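Okay, target-v3.cif now, which holds mmCIF, C-alpha atoms:
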```
data_my_file
#
loop_
_atom_site.group_PDB
_atom_site.id
_atom_site.type_symbol
_atom_site.label_atom_id
_atom_site.label_comp_id
_atom_site.auth_asym_id
_atom_site.auth_seq_id
_atom_site.Cartn_x
_atom_site.Cartn_y
_atom_site.Cartn_z
ATOM 1 C CA MET A 600 -41.617 -46.149 -14.318
ATOM 2 C CA THR A 601 -37.862 -46.590 -14.036
ATOM 3 C CA ASP A 602 -36.637 -50.166 -13.690
ATOM 4 C CA LEU A 603 -33.953 -50.166 -10.997
ATOM 5 C CA LEU A 604 -32.789 -53.674 -11.921
ATOM 6 C CA TYR A 605 -30.026 -53.988 -14.468
ATOM 7 C CA SER A 606 -31.014 -55.278 -17.907
ATOM 8 C CA ASP A 607 -29.519 -58.315 -19.644
ATOM 9 C CA THR A 608 -27.422 -55.947 -21.786
ATOM 10 C CA GLU A 609 -26.076 -54.183 -18.727
ATOM 11 C CA GLU A 610 -25.285 -57.495 -17.055
ATOM 12 C CA ALA A 611 -23.433 -58.599 -20.195
ATOM 13 C CA LEU A 612 -21.421 -55.392 -19.965
ATOM 14 C CA ARG A 613 -20.662 -56.193 -16.327
ATOM 15 C CA ASP A 614 -19.525 -59.694 -17.243
ATOM 16 C CA SER A 615 -17.066 -58.490 -19.892
ATOM 17 C CA VAL A 616 -15.521 -55.915 -17.536
ATOM 18 C CA ARG A 617 -15.364 -58.376 -14.620
ATOM 19 C CA ARG A 618 -13.647 -61.009 -16.772
ATOM 20 C CA LEU A 619 -11.064 -58.454 -17.914
ATOM 21 C CA PHE A 620 -10.204 -57.479 -14.350
ATOM 22 C CA ALA A 621 -10.141 -61.097 -13.171
ATOM 23 C CA ASP A 622 -7.646 -61.913 -15.909
ATOM 24 C CA ARG A 623 -5.480 -58.782 -15.856
ATOM 25 C CA CYS A 624 -5.944 -57.363 -12.372
ATOM 26 C CA PRO A 625 -6.183 -60.124 -9.730
ATOM 27 C CA PRO A 626 -5.861 -59.057 -6.060
ATOM 28 C CA GLU A 627 -2.291 -60.296 -5.715
ATOM 29 C CA THR A 628 -1.235 -58.094 -8.644
ATOM 30 C CA LEU A 629 -2.550 -54.954 -6.952
ATOM 31 C CA ASN A 630 0.057 -55.259 -4.210
ATOM 32 C CA SER A 631 2.653 -54.138 -6.729
ATOM 33 C CA ALA A 632 1.048 -50.674 -6.772
ATOM 34 C CA TYR A 633 2.779 -50.113 -3.438
ATOM 35 C CA ASP A 634 6.226 -51.252 -4.599
ATOM 36 C CA SER A 635 9.040 -48.754 -5.104
ATOM 37 C CA ALA A 636 8.819 -49.633 -8.803
ATOM 38 C CA PRO A 637 5.059 -50.231 -9.234
ATOM 39 C CA GLN A 638 3.671 -52.345 -12.031
ATOM 40 C CA ASP A 639 2.545 -50.518 -15.144
ATOM 41 C CA PHE A 640 -1.241 -50.886 -15.546
ATOM 42 C CA SER A 641 -1.480 -48.672 -18.637
ATOM 43 C CA GLY A 642 -2.102 -51.716 -20.834
ATOM 44 C CA LEU A 643 -5.126 -52.621 -18.721
ATOM 45 C CA TRP A 644 -6.529 -49.126 -19.223
ATOM 46 C CA ARG A 645 -5.953 -49.268 -22.989
ATOM 47 C CA THR A 646 -7.840 -52.548 -23.187
ATOM 48 C CA LEU A 647 -10.733 -51.203 -21.122
ATOM 49 C CA ALA A 648 -10.822 -47.814 -22.840
ATOM 50 C CA ALA A 649 -10.155 -48.658 -26.477
ATOM 51 C CA ASP A 650 -10.673 -52.402 -27.029
ATOM 52 C CA LEU A 651 -13.841 -52.661 -24.907
ATOM 53 C CA GLY A 652 -14.883 -49.091 -25.752
ATOM 54 C CA MET A 653 -15.522 -48.039 -22.154
ATOM 55 C CA ALA A 654 -13.842 -44.648 -22.554
ATOM 56 C CA GLY A 655 -16.693 -43.553 -24.806
ATOM 57 C CA LEU A 656 -19.663 -44.844 -22.815
ATOM 58 C CA LEU A 657 -20.984 -41.357 -22.012
ATOM 59 C CA VAL A 658 -20.109 -39.927 -25.434
ATOM 60 C CA PRO A 659 -22.833 -39.652 -28.131
ATOM 61 C CA GLU A 660 -22.485 -41.928 -31.146
ATOM 62 C CA GLN A 661 -22.021 -38.979 -33.520
ATOM 63 C CA LEU A 662 -18.829 -38.134 -31.621
ATOM 64 C CA GLY A 663 -17.500 -41.669 -31.788
ATOM 65 C CA GLY A 664 -18.844 -42.905 -28.464
ATOM 66 C CA ALA A 665 -21.235 -45.625 -27.393
ATOM 67 C CA GLY A 666 -24.146 -43.289 -26.754
ATOM 68 C CA ALA A 667 -24.820 -44.976 -23.430
ATOM 69 C CA GLY A 668 -25.691 -43.291 -20.133
ATOM 70 C CA PRO A 669 -24.968 -43.191 -16.415
ATOM 71 C CA ARG A 670 -26.511 -46.644 -15.824
ATOM 72 C CA GLU A 671 -23.920 -48.325 -18.034
ATOM 73 C CA ALA A 672 -21.146 -46.204 -16.531
ATOM 74 C CA ALA A 673 -22.381 -47.232 -13.062
ATOM 75 C CA VAL A 674 -21.962 -50.898 -14.011
ATOM 76 C CA VAL A 675 -18.356 -50.262 -15.016
ATOM 77 C CA MET A 676 -17.683 -48.262 -11.855
ATOM 78 C CA GLU A 677 -19.093 -51.063 -9.686
ATOM 79 C CA GLU A 678 -16.695 -53.516 -11.303
ATOM 80 C CA ILE A 679 -13.782 -51.092 -10.959
ATOM 81 C CA GLY A 680 -14.605 -50.864 -7.261
ATOM 82 C CA ARG A 681 -14.999 -54.624 -6.928
ATOM 83 C CA ALA A 682 -11.533 -55.185 -8.412
ATOM 84 C CA VAL A 683 -10.015 -51.952 -7.012
ATOM 85 C CA ALA A 684 -8.737 -51.583 -10.559
ATOM 86 C CA PRO A 685 -6.067 -48.889 -11.028
ATOM 87 C CA VAL A 686 -7.602 -47.316 -14.144
ATOM 88 C CA PRO A 687 -8.470 -43.620 -14.743
ATOM 89 C CA PHE A 688 -12.079 -44.256 -15.773
ATOM 90 C CA LEU A 689 -13.562 -41.828 -13.228
ATOM 91 C CA SER A 690 -11.145 -39.017 -14.008
ATOM 92 C CA SER A 691 -11.040 -39.391 -17.804
ATOM 93 C CA ALA A 692 -14.198 -41.131 -19.037
ATOM 94 C CA VAL A 693 -16.446 -39.392 -16.497
ATOM 95 C CA LEU A 694 -15.165 -36.120 -15.030
ATOM 96 C CA ALA A 695 -13.110 -34.785 -17.937
ATOM 97 C CA THR A 696 -15.397 -36.172 -20.643
ATOM 98 C CA VAL A 697 -18.623 -34.822 -19.125
ATOM 99 C CA ALA A 698 -17.038 -31.403 -18.549
ATOM 100 C CA LEU A 699 -15.926 -31.207 -22.184
ATOM 101 C CA LEU A 700 -19.254 -32.463 -23.530
ATOM 102 C CA GLU A 701 -21.124 -29.820 -21.552
ATOM 103 C CA ALA A 702 -18.611 -27.119 -22.519
ATOM 104 C CA ALA A 703 -19.808 -27.514 -26.122
ATOM 105 C CA GLY A 704 -16.904 -25.666 -27.741
ATOM 106 C CA SER A 705 -15.518 -26.962 -31.047
ATOM 107 C CA GLU A 706 -12.085 -27.702 -29.557
ATOM 108 C CA ALA A 707 -13.768 -29.547 -26.704
ATOM 109 C CA THR A 708 -15.587 -31.701 -29.258
ATOM 110 C CA ASP A 709 -12.317 -32.629 -30.978
ATOM 111 C CA THR A 710 -10.817 -33.700 -27.652
ATOM 112 C CA VAL A 711 -13.928 -35.703 -26.728
ATOM 113 C CA LYS A 712 -13.631 -37.720 -29.949
ATOM 114 C CA GLN A 713 -10.075 -38.702 -29.049
ATOM 115 C CA LEU A 714 -11.080 -39.525 -25.475
ATOM 116 C CA ALA A 715 -13.928 -41.720 -26.723
ATOM 117 C CA ALA A 716 -11.532 -43.607 -28.999
ATOM 118 C CA GLY A 717 -9.152 -44.224 -26.122
ATOM 119 C CA SER A 718 -6.302 -42.464 -27.924
ATOM 120 C CA LEU A 719 -6.208 -39.721 -25.275
ATOM 121 C CA THR A 720 -6.665 -39.730 -21.516
ATOM 122 C CA ALA A 721 -7.607 -36.640 -19.529
ATOM 123 C CA THR A 722 -8.342 -35.471 -16.019
ATOM 124 C CA LEU A 723 -10.366 -32.597 -14.634
ATOM 125 C CA ALA A 724 -7.900 -30.418 -12.731
ATOM 126 C CA VAL A 725 -9.780 -30.073 -9.442
ATOM 127 C CA PRO A 726 -9.007 -31.646 -6.056
ATOM 128 C CA LEU A 727 -10.455 -35.153 -5.797
ATOM 129 C CA SER A 728 -12.336 -34.051 -2.681
ATOM 130 C CA THR A 729 -14.265 -31.378 -4.618
ATOM 131 C CA ALA A 730 -18.014 -31.770 -4.167
ATOM 132 C CA PRO A 731 -20.734 -30.446 -6.482
ATOM 133 C CA GLY A 732 -21.199 -26.765 -5.723
ATOM 134 C CA ASP A 733 -17.674 -26.210 -4.386
ATOM 135 C CA SER A 734 -15.523 -23.391 -5.760
ATOM 136 C CA VAL A 735 -13.031 -24.775 -8.276
ATOM 137 C CA ALA A 736 -11.079 -21.843 -9.719
ATOM 138 C CA GLY A 737 -7.540 -22.031 -8.343
ATOM 139 C CA VAL A 738 -6.018 -21.044 -11.677
ATOM 140 C CA SER A 739 -6.170 -17.737 -13.523
ATOM 141 C CA ASP A 740 -5.343 -16.566 -17.036
ATOM 142 C CA THR A 741 -2.746 -13.828 -16.788
ATOM 143 C CA GLY A 742 -2.815 -13.046 -20.499
ATOM 144 C CA ASP A 743 0.421 -14.897 -21.177
ATOM 145 C CA GLY A 744 -0.763 -18.288 -19.959
ATOM 146 C CA LEU A 745 -2.287 -20.008 -16.963
ATOM 147 C CA THR A 746 -0.943 -19.383 -13.479
ATOM 148 C CA GLY A 747 -1.953 -21.055 -10.228
ATOM 149 C CA ARG A 748 -1.899 -24.279 -8.268
ATOM 150 C CA VAL A 749 -4.326 -27.178 -7.912
ATOM 151 C CA THR A 750 -3.767 -29.829 -5.262
ATOM 152 C CA SER A 751 -4.673 -33.524 -5.040
ATOM 153 C CA VAL A 752 -5.786 -34.015 -8.641
ATOM 154 C CA ALA A 753 -6.610 -37.639 -9.477
ATOM 155 C CA ASP A 754 -4.810 -39.671 -12.131
ATOM 156 C CA THR A 755 -2.622 -36.847 -13.405
ATOM 157 C CA SER A 756 0.145 -39.339 -14.163
ATOM 158 C CA HIS A 757 -2.179 -41.095 -16.638
ATOM 159 C CA ALA A 758 -3.450 -37.920 -18.313
ATOM 160 C CA ASP A 759 -2.341 -36.605 -21.678
ATOM 161 C CA VAL A 760 -4.631 -33.583 -21.291
ATOM 162 C CA LEU A 761 -5.555 -31.471 -18.270
ATOM 163 C CA VAL A 762 -9.055 -29.958 -18.320
ATOM 164 C CA VAL A 763 -8.644 -26.846 -16.189
ATOM 165 C CA PRO A 764 -11.335 -24.586 -14.688
ATOM 166 C CA VAL A 765 -9.946 -21.054 -14.941
ATOM 167 C CA ALA A 766 -11.008 -17.816 -13.280
ATOM 168 C CA GLY A 767 -11.519 -15.454 -16.205
ATOM 169 C CA PRO A 768 -12.444 -11.746 -16.299
ATOM 170 C CA ASN A 769 -16.106 -12.602 -16.984
ATOM 171 C CA GLY A 770 -16.441 -15.688 -14.831
ATOM 172 C CA LEU A 771 -15.349 -19.296 -14.971
ATOM 173 C CA GLU A 772 -13.708 -20.604 -18.131
ATOM 174 C CA LEU A 773 -12.660 -24.110 -19.140
ATOM 175 C CA HIS A 774 -9.260 -24.653 -20.737
ATOM 176 C CA THR A 775 -7.287 -27.667 -21.924
ATOM 177 C CA VAL A 776 -3.553 -27.974 -21.403
ATOM 178 C CA SER A 777 -1.237 -30.737 -22.536
ATOM 179 C CA ARG A 778 0.434 -32.236 -19.474
ATOM 180 C CA ASP A 779 3.898 -31.825 -21.011
ATOM 181 C CA THR A 780 3.370 -28.137 -21.851
ATOM 182 C CA PRO A 781 6.187 -25.852 -20.614
ATOM 183 C CA GLY A 782 5.082 -24.158 -17.415
ATOM 184 C CA VAL A 783 3.188 -27.216 -16.106
ATOM 185 C CA GLN A 784 4.802 -28.949 -13.140
ATOM 186 C CA VAL A 785 3.263 -32.119 -11.701
ATOM 187 C CA SER A 786 4.294 -33.354 -8.243
ATOM 188 C CA ASP A 787 3.049 -36.734 -7.036
ATOM 189 C CA VAL A 788 1.371 -36.920 -3.626
ATOM 190 C CA VAL A 789 1.862 -39.915 -1.338
ATOM 191 C CA THR A 790 -1.556 -41.436 -0.635
ATOM 192 C CA LEU A 791 -2.984 -44.455 1.169
ATOM 193 C CA ASP A 792 -4.785 -45.590 -1.996
ATOM 194 C CA MET A 793 -2.138 -46.027 -4.661
ATOM 195 C CA THR A 794 -4.683 -47.348 -7.167
ATOM 196 C CA ARG A 795 -5.886 -43.769 -7.695
ATOM 197 C CA PRO A 796 -2.722 -41.642 -7.573
ATOM 198 C CA LEU A 797 -2.969 -37.958 -6.710
ATOM 199 C CA ALA A 798 -0.725 -35.078 -7.722
ATOM 200 C CA ASN A 799 -0.366 -31.342 -7.235
ATOM 201 C CA ILE A 800 -0.237 -29.272 -10.431
ATOM 202 C CA GLU A 801 1.572 -25.940 -10.655
ATOM 203 C CA PHE A 802 0.882 -23.693 -13.648
ATOM 204 C CA SER A 803 3.363 -20.944 -14.488
ATOM 205 C CA HIS A 804 2.439 -19.022 -17.649
ATOM 206 C CA ALA A 805 1.388 -22.268 -19.325
ATOM 207 C CA ALA A 806 -0.157 -22.070 -22.795
ATOM 208 C CA SER A 807 -3.747 -23.323 -22.996
ATOM 209 C CA SER A 808 -6.797 -23.483 -25.230
ATOM 210 C CA ARG A 809 -10.173 -22.254 -24.071
ATOM 211 C CA VAL A 810 -12.804 -24.880 -24.901
ATOM 212 C CA ASP A 811 -16.049 -23.682 -23.345
ATOM 213 C CA ASN A 812 -18.833 -21.862 -25.117
ATOM 214 C CA ALA A 813 -19.542 -19.532 -22.165
ATOM 215 C CA SER A 814 -20.854 -22.557 -20.278
ATOM 216 C CA ALA A 815 -17.922 -23.517 -18.054
ATOM 217 C CA GLU A 816 -19.831 -23.128 -14.781
ATOM 218 C CA ALA A 817 -22.554 -25.534 -15.879
ATOM 219 C CA ALA A 818 -20.015 -27.905 -17.445
ATOM 220 C CA VAL A 819 -17.970 -28.265 -14.279
ATOM 221 C CA ALA A 820 -21.130 -28.614 -12.164
ATOM 222 C CA ALA A 821 -22.428 -31.416 -14.407
ATOM 223 C CA ALA A 822 -19.069 -33.203 -14.300
ATOM 224 C CA LEU A 823 -18.856 -33.053 -10.504
ATOM 225 C CA GLN A 824 -22.448 -34.193 -10.036
ATOM 226 C CA THR A 825 -22.021 -37.123 -12.422
ATOM 227 C CA GLY A 826 -18.687 -38.003 -10.837
ATOM 228 C CA ALA A 827 -20.133 -37.987 -7.314
ATOM 229 C CA ALA A 828 -22.984 -40.298 -8.327
ATOM 230 C CA LEU A 829 -20.707 -42.740 -10.121
ATOM 231 C CA LEU A 830 -18.136 -42.687 -7.324
ATOM 232 C CA ALA A 831 -20.940 -44.010 -5.109
ATOM 233 C CA SER A 832 -21.318 -46.899 -7.587
ATOM 234 C CA GLU A 833 -17.628 -47.649 -7.192
ATOM 235 C CA GLN A 834 -18.000 -47.696 -3.415
ATOM 236 C CA LEU A 835 -20.964 -50.061 -3.813
ATOM 237 C CA GLY A 836 -18.743 -52.405 -5.800
ATOM 238 C CA ILE A 837 -16.135 -52.398 -3.032
ATOM 239 C CA ALA A 838 -18.785 -53.042 -0.369
ATOM 240 C CA GLN A 839 -20.335 -55.856 -2.406
ATOM 241 C CA TRP A 840 -16.947 -57.573 -2.751
ATOM 242 C CA CYS A 841 -16.379 -57.273 0.999
ATOM 243 C CA PHE A 842 -19.818 -58.757 1.700
ATOM 244 C CA ASP A 843 -19.419 -61.634 -0.777
ATOM 245 C CA THR A 844 -15.945 -62.496 0.479
ATOM 246 C CA THR A 845 -16.961 -62.355 4.132
ATOM 247 C CA LEU A 846 -20.053 -64.476 3.503
ATOM 248 C CA ALA A 847 -18.056 -67.125 1.673
ATOM 249 C CA TYR A 848 -15.514 -67.208 4.507
ATOM 250 C CA THR A 849 -18.121 -67.574 7.256
ATOM 251 C CA LYS A 850 -19.721 -70.496 5.408
ATOM 252 C CA GLN A 851 -16.499 -72.501 5.470
ATOM 253 C CA ARG A 852 -14.835 -71.332 8.683
ATOM 254 C CA LYS A 853 -14.831 -73.687 11.677
ATOM 255 C CA GLN A 854 -13.803 -72.847 15.237
ATOM 256 C CA PHE A 855 -13.287 -75.056 18.295
ATOM 257 C CA GLY A 856 -14.412 -78.130 16.365
#
```
Entire entry expressed as structure tokens:
Amino acid sequence: MTDLLYSDTEEALRDSVRRLFADRCPPETLNSAYDSAPQDFSGLWRTLAADLGMAGLLVPEQLGGAGAGPREAAVVMEEIGRAVAPVPFLSSAVLATVALLEAAGSEATDTVKQLAAGSLTATLAVPLSTAPGDSVAGVSDTGDGLTGRVTSVADTSHADVLVVPVAGPNGLELHTVSRDTPGVQVSDVVTLDMTRPLANIEFSHAASSRVDNASAEAAVAAALQTGAALLASEQLGIAQWCFDTTLAYTKQRKQFG
């Protein structure tokens, strides 16, 4: 029978992540995300990803990861939500990483090792609103590179690598593209939530590497399903913070004497 309560190990994980955000990402600091020259939070992500090893939570130990599972990732996502931390954990450590793990190609494995170490950051090039089961192929391989457009992709500004679902002649393929590859144009989108920036990506004959082992459809489906579940954990963290803060306020608030 599955124990729905978090273990002592998982609570220790929560404590380390919460202390990091309390120290490096207090609420007053987040306001700078809306400034014309926003604060750079890349150091916070490096600490979370590499120093604490959170980038490799879902990666098997033989590939340099922690060999953990969705429960541990859910703990991290709850704390990200609680702090509204501007880090690309969902896009890189969940969506892109799961897609590459499921793709099972040798080049995908090499990229996963770098993602797990925190030396690379990636994003899955699909609209953030994409739900499991939705069509994702807005890009095609013309023979001389990738061509197409994907809108509202999360955390593109943080990504070194774009993991791109591609409409191939025999079905869906999964490719990786360096963000600074010629033929890749990234345009930021103005959003209400500046802690998870969105961008439109235009591909024009951009060079890429195919990384799937004829399993792209299943890889993208697994990534979207895992991402949807863990996004709910993030929303739980936000709701829990709202509840705790409101409860504390009502206990001390006085009105009309």
Closest-contact table, segment 807-850 of chain A side, partner segment 657-669 of chain A, 9 Å, counting only C-alpha atoms, as CSV:
```
residue,atom,partner,partner_atom,distance
A:Thr825,CA,A:Pro669,CA,7.8
A:Ala828,CA,A:Pro669,CA,8.8
A:Leu829,CA,A:Pro669,CA,7.6
```
Using the chain letters and numbers from the file, which residues does the PyMOL selection byres ((chain A and resi 622-625) around 9) grab, as a list in words?
Arg617, Arg618, Leu619, Phe620, Ala621, Pro626, Glu627, Thr628, Leu629, Phe640, Leu643, Ala682, Val683, Ala684 and Pro685 of chain A
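Counting all atoms listed in the file, the residue from A:Ala822, A:Ala766, A:Ala692, A:Val749 that sits nearest to Ser786 of chain A is A:Val749.
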For Leu791 of chain A, please output as a CSV table (one decimal) with C-alpha atoms, keeping the file's coordinate frame all residues within 12 Å (counting all atoms listed in the file; exclusion window: fewer than 5 positions along the same chain).
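result_16.csv was written with the following content:
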```csv
chain,number,residue,atom,x,y,z
A,632,ALA,CA,1.0,-50.7,-6.8
A,633,TYR,CA,2.8,-50.1,-3.4
A,796,PRO,CA,-2.7,-41.6,-7.6
A,797,LEU,CA,-3.0,-38.0,-6.7
```
Contacts of Ala703 of chain A within 9 Å, all atoms listed in the file, excl. fewer than 6 positions in-chain, as a PyMOL selection string
chain A and resi 810-814+818
Write a file of the just-selected residues containing C-alpha atoms, as a compact mmCIF listing (two decimals), in the frame of the given file.
```txt
# COMPACT_ATOMS: atom_id res chain seq x y z
CA VAL A 810 -12.80 -24.88 -24.90
CA ASP A 811 -16.05 -23.68 -23.34
CA ASN A 812 -18.83 -21.86 -25.12
CA ALA A 813 -19.54 -19.53 -22.16
CA SER A 814 -20.85 -22.56 -20.28
CA ALA A 818 -20.02 -27.90 -17.44
```
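Interatomic distance, atom CA of Lys850 of chain A against atom CA of Glu677 of chain A: 24.6 Å.
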May I have the residues within 9 Å of Ser641 of chain A as a PyMOL selection string, using all atoms listed in the file and disregarding those fewer than 4 positions away in the same chain?
chain A and resi 645-646+685-686+757
Store the residues of this selection in a file with C-alpha atoms, as a compact mmCIF listing (two decimals), keeping the file's coordinate frame.
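So out.txt came out as:
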```txt
# COMPACT_ATOMS: atom_id res chain seq x y z
CA ARG A 645 -5.95 -49.27 -22.99
CA THR A 646 -7.84 -52.55 -23.19
CA PRO A 685 -6.07 -48.89 -11.03
CA VAL A 686 -7.60 -47.32 -14.14
CA HIS A 757 -2.18 -41.10 -16.64
```
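Using all atoms listed in the file, the smallest distance between any of A:Asn769, A:Ser635, A:Ser690, A:Thr845 and Ser756 of chain A comes from A:Ser690.
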With all atoms listed in the file as the counted atoms, please give the residues lying no more than 8 Å from Leu612 of chain A, apart from itself and same-chain residues fewer than 6 positions off, as a count of residues only.
3
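Residue nearest Glu706 of chain A within the list A:Val762, A:Asp843, A:Pro731, A:Gly836: A:Val762 [criterion: smallest interatomic distance, all atoms listed in the file].
For the set A:Ala649, A:Glu609, A:Ser615, A:Met676, the residue with the smallest atom-to-atom gap to Ala831 of chain A is A:Met676, counting all atoms listed in the file.
Residues in contact range of segment 781-783 of chain A, defined as at most 10 Å between all atoms listed in the file, with sequence neighbours fewer than 6 positions away removed, read Gly744, Leu745, Thr746, Gly747, Arg748, Leu761, Ile800, Glu801, Phe802, Ser803, His804, Ala805 and Ala806 of chain A.
For the atom pair formed by atom CA of Ala736 of chain A and atom CA of Ala724 of chain A, the distance is 9.6 Å, given to one decimal.
Note that atom CA of Ala673 of chain A and atom CA of Leu604 of chain A are 12.3 Å apart.
Using all atoms listed in the file, the nearest neighbour of Ala758 of chain A within the list A:Trp840, A:Trp644, A:Phe855, A:Tyr848 is A:Trp644.
Remark: for Ala821 of chain A, the closest of the candidate residues A:Asn630, A:Thr696, A:Thr741, A:Ser734 is A:Thr696 (distances computed over all atoms listed in the file).
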Taking the file above as input, evaluate the PyMOL selection byres ((chain A and resi 722) around 10) and report the hits as a ChimeraX atom specification.
/A:687-696,698,720-721,723-725,752-763,775,778
Given 3 Å on each side, where is the centre and what are the edge lengths in Å to one decimal of the axis-aligned box enclosing the listed atoms of segment 761-776 of chain A, as lines of an AutoDock Vina configuration file?
```
center_x = -10.0
center_y = -21.6
center_z = -17.6
size_x = 18.9
size_y = 25.7
size_z = 14.6
```
